[in-house]
>>> print(open('coords18.pdb').read())   # PDB, N, CA and C atoms
ATOM      1  N   LEU A   1      33.333 127.993 195.015
ATOM      2  CA  LEU A   1      32.971 128.519 193.709
ATOM      3  C   LEU A   1      31.449 128.460 193.506
ATOM      4  N   LYS A   2      30.853 127.338 193.878
ATOM      5  CA  LYS A   2      29.405 127.183 193.697
ATOM      6  C   LYS A   2      28.632 128.197 194.534
ATOM      7  N   PHE A   3      29.092 128.441 195.745
ATOM      8  CA  PHE A   3      28.434 129.432 196.590
ATOM      9  C   PHE A   3      28.558 130.824 195.978
ATOM     10  N   ALA A   4      29.718 131.128 195.417
ATOM     11  CA  ALA A   4      29.938 132.436 194.787
ATOM     12  C   ALA A   4      29.043 132.603 193.562
ATOM     13  N   LEU A   5      28.939 131.579 192.736
ATOM     14  CA  LEU A   5      28.083 131.653 191.555
ATOM     15  C   LEU A   5      26.608 131.824 191.939
ATOM     16  N   ALA A   6      26.177 131.081 192.925
ATOM     17  CA  ALA A   6      24.788 131.215 193.373
ATOM     18  C   ALA A   6      24.533 132.597 193.945
ATOM     19  N   SER A   7      25.482 133.123 194.695
ATOM     20  CA  SER A   7      25.341 134.461 195.272
ATOM     21  C   SER A   7      25.265 135.518 194.182
ATOM     22  N   TYR A   8      26.048 135.347 193.136
ATOM     23  CA  TYR A   8      26.012 136.274 192.012
ATOM     24  C   TYR A   8      24.629 136.260 191.370
ATOM     25  N   ASN A   9      24.036 135.083 191.259
ATOM     26  CA  ASN A   9      22.753 134.938 190.586
ATOM     27  C   ASN A   9      21.576 135.404 191.428
ATOM     28  N   VAL A  10      21.512 135.006 192.679
ATOM     29  CA  VAL A  10      20.316 135.252 193.498
ATOM     30  C   VAL A  10      20.559 136.262 194.623
ATOM     31  N   GLY A  11      21.813 136.507 194.935
ATOM     32  CA  GLY A  11      22.147 137.408 196.036
ATOM     33  C   GLY A  11      22.660 136.633 197.226
ATOM     34  N   ILE A  12      23.658 137.211 197.862
ATOM     35  CA  ILE A  12      24.299 136.510 198.980
ATOM     36  C   ILE A  12      23.335 136.289 200.146
ATOM     37  N   GLY A  13      22.385 137.183 200.334
ATOM     38  CA  GLY A  13      21.434 137.039 201.432
ATOM     39  C   GLY A  13      20.608 135.764 201.326
ATOM     40  N   HIS A  14      20.178 135.437 200.121
ATOM     41  CA  HIS A  14      19.386 134.214 199.940
ATOM     42  C   HIS A  14      20.240 132.968 200.154
ATOM     43  N   VAL A  15      21.496 133.032 199.734
ATOM     44  CA  VAL A  15      22.396 131.899 199.966
ATOM     45  C   VAL A  15      22.643 131.742 201.464
ATOM     46  N   GLN A  16      22.830 132.841 202.155
ATOM     47  CA  GLN A  16      23.008 132.775 203.608
ATOM     48  C   GLN A  16      21.760 132.222 204.289
ATOM     49  N   ASP A  17      20.580 132.621 203.805
ATOM     50  CA  ASP A  17      19.329 132.055 204.341
ATOM     51  C   ASP A  17      19.317 130.540 204.175
ATOM     52  N   ALA A  18      19.691 130.077 202.993
ATOM     53  CA  ALA A  18      19.696 128.637 202.721
ATOM     54  C   ALA A  18      20.693 127.918 203.630
ATOM     55  N   ARG A  19      21.814 128.553 203.903
ATOM     56  CA  ARG A  19      22.803 127.955 204.806
ATOM     57  C   ARG A  19      22.248 127.883 206.228
ATOM     58  N   ARG A  20      21.525 128.927 206.643
ATOM     59  CA  ARG A  20      20.913 128.896 207.980
ATOM     60  C   ARG A  20      19.844 127.812 208.071
ATOM     61  N   LEU A  21      19.050 127.653 207.006
ATOM     62  CA  LEU A  21      18.046 126.586 206.990
ATOM     63  C   LEU A  21      18.716 125.218 207.056
ATOM     64  N   ALA A  22      19.768 125.047 206.292
ATOM     65  CA  ALA A  22      20.500 123.768 206.314
ATOM     66  C   ALA A  22      20.971 123.453 207.726
ATOM     67  N   GLU A  23      21.560 124.438 208.363
ATOM     68  CA  GLU A  23      22.060 124.226 209.723
ATOM     69  C   GLU A  23      20.922 123.916 210.691
ATOM     70  N   LYS A  24      19.826 124.645 210.562
ATOM     71  CA  LYS A  24      18.676 124.434 211.454
ATOM     72  C   LYS A  24      18.121 123.017 211.327
ATOM     73  N   TYR A  25      18.081 122.509 210.107
ATOM     74  CA  TYR A  25      17.493 121.195 209.875
ATOM     75  C   TYR A  25      18.523 120.071 209.864
ATOM     76  N   GLY A  26      19.729 120.345 210.374
ATOM     77  CA  GLY A  26      20.717 119.294 210.576
ATOM     78  C   GLY A  26      21.589 118.952 209.388
ATOM     79  N   ASP A  27      21.578 119.797 208.369
ATOM     80  CA  ASP A  27      22.434 119.553 207.211
ATOM     81  C   ASP A  27      23.712 120.378 207.324
ATOM     82  N   ASN A  28      24.647 120.084 206.446
ATOM     83  CA  ASN A  28      25.949 120.746 206.444
ATOM     84  C   ASN A  28      25.865 122.048 205.645
ATOM     85  N   LYS A  29      26.031 123.179 206.320
ATOM     86  CA  LYS A  29      25.919 124.472 205.649
ATOM     87  C   LYS A  29      27.113 124.777 204.757
ATOM     88  N   TYR A  30      28.113 123.906 204.748
ATOM     89  CA  TYR A  30      29.286 124.063 203.889
ATOM     90  C   TYR A  30      29.240 123.153 202.654
ATOM     91  N   ASP A  31      28.234 122.299 202.584
ATOM     92  CA  ASP A  31      28.080 121.354 201.476
ATOM     93  C   ASP A  31      27.089 121.940 200.468
ATOM     94  N   TRP A  32      27.573 122.247 199.265
ATOM     95  CA  TRP A  32      26.716 122.907 198.277
ATOM     96  C   TRP A  32      25.462 122.094 197.971
ATOM     97  N   SER A  33      25.577 120.785 197.832
ATOM     98  CA  SER A  33      24.394 119.992 197.479
ATOM     99  C   SER A  33      23.306 120.102 198.539
ATOM    100  N   GLU A  34      23.690 120.184 199.783
ATOM    101  CA  GLU A  34      22.705 120.325 200.857
ATOM    102  C   GLU A  34      22.145 121.742 200.901
ATOM    103  N   VAL A  35      22.993 122.729 200.723
ATOM    104  CA  VAL A  35      22.532 124.122 200.711
ATOM    105  C   VAL A  35      21.645 124.373 199.486
ATOM    106  N   ALA A  36      21.992 123.773 198.355
ATOM    107  CA  ALA A  36      21.181 123.916 197.143
ATOM    108  C   ALA A  36      19.760 123.411 197.398
ATOM    109  N   PHE A  37      19.639 122.310 198.109
ATOM    110  CA  PHE A  37      18.313 121.793 198.462
ATOM    111  C   PHE A  37      17.521 122.855 199.227
ATOM    112  N   TRP A  38      18.170 123.477 200.219
ATOM    113  CA  TRP A  38      17.474 124.475 201.035
ATOM    114  C   TRP A  38      17.213 125.764 200.273
ATOM    115  N   LEU A  39      18.062 126.082 199.337
ATOM    116  CA  LEU A  39      17.817 127.242 198.489
ATOM    117  C   LEU A  39      16.558 127.023 197.665
ATOM    118  N   MET A  40      16.372 125.818 197.175
ATOM    119  CA  MET A  40      15.149 125.509 196.423
ATOM    120  C   MET A  40      13.912 125.545 197.318
ATOM    121  N   GLN A  41      14.073 125.236 198.589
ATOM    122  CA  GLN A  41      12.935 125.258 199.513
ATOM    123  C   GLN A  41      12.457 126.688 199.787
ATOM    124  N   LYS A  42      13.313 127.677 199.505
ATOM    125  CA  LYS A  42      12.944 129.067 199.782
ATOM    126  C   LYS A  42      11.828 129.592 198.891
ATOM    127  N   SER A  43      11.340 128.772 197.981
ATOM    128  CA  SER A  43      10.176 129.161 197.186
ATOM    129  C   SER A  43       8.879 128.669 197.838
ATOM    130  N   LYS A  44       9.009 127.986 198.965
ATOM    131  CA  LYS A  44       7.841 127.470 199.697
ATOM    132  C   LYS A  44       7.612 128.328 200.940
ATOM    133  N   LYS A  45       6.364 128.710 201.125
ATOM    134  CA  LYS A  45       6.004 129.601 202.230
ATOM    135  C   LYS A  45       6.501 129.089 203.581
ATOM    136  N   LYS A  46       6.396 127.804 203.797
ATOM    137  CA  LYS A  46       6.820 127.213 205.076
ATOM    138  C   LYS A  46       8.260 127.596 205.401
ATOM    139  N   TYR A  47       9.094 127.673 204.368
ATOM    140  CA  TYR A  47      10.511 127.944 204.593
ATOM    141  C   TYR A  47      10.874 129.419 204.455
ATOM    142  N   TYR A  48      10.293 130.136 203.497
ATOM    143  CA  TYR A  48      10.676 131.546 203.390
ATOM    144  C   TYR A  48      10.104 132.391 204.515
ATOM    145  N   GLU A  49       9.175 131.835 205.281
ATOM    146  CA  GLU A  49       8.678 132.529 206.469
ATOM    147  C   GLU A  49       9.298 131.995 207.758
ATOM    148  N   ASP A  50      10.237 131.094 207.647
ATOM    149  CA  ASP A  50      10.938 130.550 208.810
ATOM    150  C   ASP A  50      11.690 131.677 209.529
ATOM    151  N   PRO A  51      11.715 131.674 210.835
ATOM    152  CA  PRO A  51      12.396 132.741 211.587
ATOM    153  C   PRO A  51      13.887 132.932 211.255
ATOM    154  N   VAL A  52      14.576 131.888 210.790
ATOM    155  CA  VAL A  52      15.996 132.055 210.461
ATOM    156  C   VAL A  52      16.208 132.712 209.097
ATOM    157  N   VAL A  53      15.144 132.811 208.315
ATOM    158  CA  VAL A  53      15.225 133.401 206.979
ATOM    159  C   VAL A  53      15.036 134.910 207.076
ATOM    160  N   LYS A  54      16.019 135.653 206.589
ATOM    161  CA  LYS A  54      15.983 137.116 206.667
ATOM    162  C   LYS A  54      15.580 137.776 205.356
ATOM    163  N   TYR A  55      15.718 137.074 204.226
ATOM    164  CA  TYR A  55      15.507 137.696 202.921
ATOM    165  C   TYR A  55      14.286 137.177 202.173
ATOM    166  N   GLY A  56      13.446 136.377 202.847
ATOM    167  CA  GLY A  56      12.170 135.967 202.277
ATOM    168  C   GLY A  56      12.257 135.046 201.073
ATOM    169  N   PHE A  57      11.248 135.171 200.241
ATOM    170  CA  PHE A  57      11.053 134.306 199.082
ATOM    171  C   PHE A  57      12.210 134.410 198.099
ATOM    172  N   ALA A  58      12.562 133.270 197.513
ATOM    173  CA  ALA A  58      13.524 133.227 196.414
ATOM    174  C   ALA A  58      13.134 132.101 195.464
ATOM    175  N   ARG A  59      13.309 132.342 194.170
ATOM    176  CA  ARG A  59      13.098 131.275 193.187
ATOM    177  C   ARG A  59      14.353 130.411 193.201
ATOM    178  N   GLY A  60      14.422 129.509 194.131
ATOM    179  CA  GLY A  60      15.642 128.752 194.395
ATOM    180  C   GLY A  60      16.116 127.854 193.276
ATOM    181  N   LEU A  61      15.204 127.369 192.467
ATOM    182  CA  LEU A  61      15.619 126.498 191.363
ATOM    183  C   LEU A  61      16.488 127.269 190.373
ATOM    184  N   GLU A  62      16.196 128.532 190.185
ATOM    185  CA  GLU A  62      16.946 129.346 189.213
ATOM    186  C   GLU A  62      18.450 129.417 189.528
ATOM    187  N   PRO A  63      18.861 129.800 190.736
ATOM    188  CA  PRO A  63      20.299 129.844 190.996
ATOM    189  C   PRO A  63      20.961 128.470 191.008
ATOM    190  N   VAL A  64      20.245 127.451 191.441
ATOM    191  CA  VAL A  64      20.814 126.102 191.451
ATOM    192  C   VAL A  64      21.074 125.651 190.010
ATOM    193  N   THR A  65      20.132 125.916 189.128
ATOM    194  CA  THR A  65      20.298 125.596 187.713
ATOM    195  C   THR A  65      21.416 126.425 187.099
ATOM    196  N   TYR A  66      21.482 127.698 187.478
ATOM    197  CA  TYR A  66      22.528 128.595 186.975
ATOM    198  C   TYR A  66      23.922 128.051 187.316
ATOM    199  N   VAL A  67      24.110 127.642 188.550
ATOM    200  CA  VAL A  67      25.403 127.098 188.978
ATOM    201  C   VAL A  67      25.770 125.898 188.105
ATOM    202  N   ASP A  68      24.846 124.984 187.907
ATOM    203  CA  ASP A  68      25.111 123.803 187.084
ATOM    204  C   ASP A  68      25.468 124.185 185.649
ATOM    205  N   LYS A  69      24.702 125.113 185.072
ATOM    206  CA  LYS A  69      24.942 125.515 183.684
ATOM    207  C   LYS A  69      26.307 126.177 183.510
ATOM    208  N   ILE A  70      26.668 127.067 184.411
ATOM    209  CA  ILE A  70      27.954 127.757 184.299
ATOM    210  C   ILE A  70      29.110 126.769 184.442
ATOM    211  N   LEU A  71      29.007 125.841 185.385
ATOM    212  CA  LEU A  71      30.077 124.859 185.568
ATOM    213  C   LEU A  71      30.175 123.903 184.377
ATOM    214  N   GLU A  72      29.040 123.576 183.765
ATOM    215  CA  GLU A  72      29.060 122.747 182.556
ATOM    216  C   GLU A  72      29.753 123.488 181.418
ATOM    217  N   ARG A  73      29.439 124.770 181.249
ATOM    218  CA  ARG A  73      30.083 125.569 180.202
ATOM    219  C   ARG A  73      31.577 125.675 180.449
ATOM    220  N   TYR A  74      31.965 125.891 181.678
ATOM    221  CA  TYR A  74      33.383 125.963 182.031
ATOM    222  C   TYR A  74      34.096 124.668 181.642
ATOM    223  N   SER A  75      33.497 123.545 181.999
ATOM    224  CA  SER A  75      34.098 122.249 181.673
ATOM    225  C   SER A  75      34.222 122.066 180.167
ATOM    226  N   TYR A  76      33.195 122.469 179.434
ATOM    227  CA  TYR A  76      33.224 122.357 177.978
ATOM    228  C   TYR A  76      34.371 123.183 177.399
ATOM    229  N   PHE A  77      34.458 124.454 177.782
ATOM    230  CA  PHE A  77      35.501 125.317 177.248
ATOM    231  C   PHE A  77      36.897 124.841 177.661
ATOM    232  N   LYS A  78      37.000 124.327 178.849
ATOM    233  CA  LYS A  78      38.287 123.799 179.315
ATOM    234  C   LYS A  78      38.738 122.629 178.445
ATOM    235  N   ARG A  79      37.787 121.748 178.092
ATOM    236  CA  ARG A  79      38.105 120.614 177.233
ATOM    237  C   ARG A  79      38.474 121.079 175.829
ATOM    238  N   VAL A  80      37.753 122.037 175.302
ATOM    239  CA  VAL A  80      37.969 122.509 173.927
ATOM    240  C   VAL A  80      39.306 123.245 173.799
ATOM    241  N   ILE A  81      39.656 124.026 174.791
ATOM    242  CA  ILE A  81      40.860 124.858 174.721
ATOM    243  C   ILE A  81      42.124 124.061 175.009
ATOM    244  N   THR A  82      42.054 123.069 175.881
ATOM    245  CA  THR A  82      43.270 122.337 176.247
ATOM    246  C   THR A  82      43.460 121.075 175.456
TER
END
>>> encode(input="coords18.pdb", output="structure tokens")
Amino acid sequence: LKFALASYNVGIGHVQDARRLAEKYGDNKYDWSEVAFWLMQKSKKKYYEDPVVKYGFARGLEPVTYVDKILERYSYFKRVIT
């Protein structure tokens, strides 16, 4: 779900880039918290110019924050409705 929300916000290509960076640097490309870290790194030249990155610069903090906000809202509405 977190990967889908981030992809909706920033584009699947940037999420895939972050997963490739995670894998390259020894992190788990299936763990959102680790991929989120690498997505945030895509705003740094060192990483958005990395050979494994195909989609360049991304404001990585924005989609990571978006995922958190949407999941918080979901939890709130779930509590209120049930």
>>> atom_distance(input="coords18.pdb", atom1="CA of Arg59 in chain A", atom2="CA of Ser43 in chain A")
5.4 Å
>>> atom_distance(input="coords18.pdb", atom1="CA of Ala22 in chain A", atom2="atom N of Glu72 in chain A")
24.1 Å
>>> axis_aligned_box(input="coords18.pdb", around="range 28-42 of chain A", padding_each_side="3 Å", output="lines of an AutoDock Vina configuration file")
center_x = 20.6
center_y = 124.8
center_z = 201.4
size_x = 23.5
size_y = 15.6
size_z = 16.0
>>> atom_distance(input="coords18.pdb", atom1="CA of Tyr48 in chain A", atom2="atom C of Val15 in chain A")
12.1 Å
>>> closest_residue(input="coords18.pdb", among="A:Tyr25, A:Lys69, A:Tyr74, A:Lys54", to="Gly13 in chain A", atoms="all atoms listed in the file")
A:Lys54
>>> residues_around(input="coords18.pdb", residues="Lys42 in chain A", least_positions_apart="2", cutoff="6 Å", atoms="all atoms listed in the file", output="VMD selection string")
chain A and resid 38 to 40 44 to 45 47 to 48 56 to 60
>>> select_by_dssp(input="coords18.pdb", residues="chain A", states="alpha helix (DSSP H)", output="ChimeraX atom specification")
/A:2-10,12-24,32-41,45-48,61-81
>>> closest_residue(input="coords18.pdb", among="A:Tyr55, A:Asp17, A:Trp32, A:Val80", to="Val67 in chain A", atoms="only C-alpha atoms")
A:Trp32
>>> closest_residue(input="coords18.pdb", among="A:His14, A:Arg20, A:Tyr8, A:Lys29", to="Val52 in chain A", atoms="all atoms listed in the file")
A:Arg20
>>> closest_residue(input="coords18.pdb", among="A:Lys46, A:Pro51, A:Leu1, A:Asn9", to="Asp31 in chain A", atoms="only C-alpha atoms")
A:Leu1
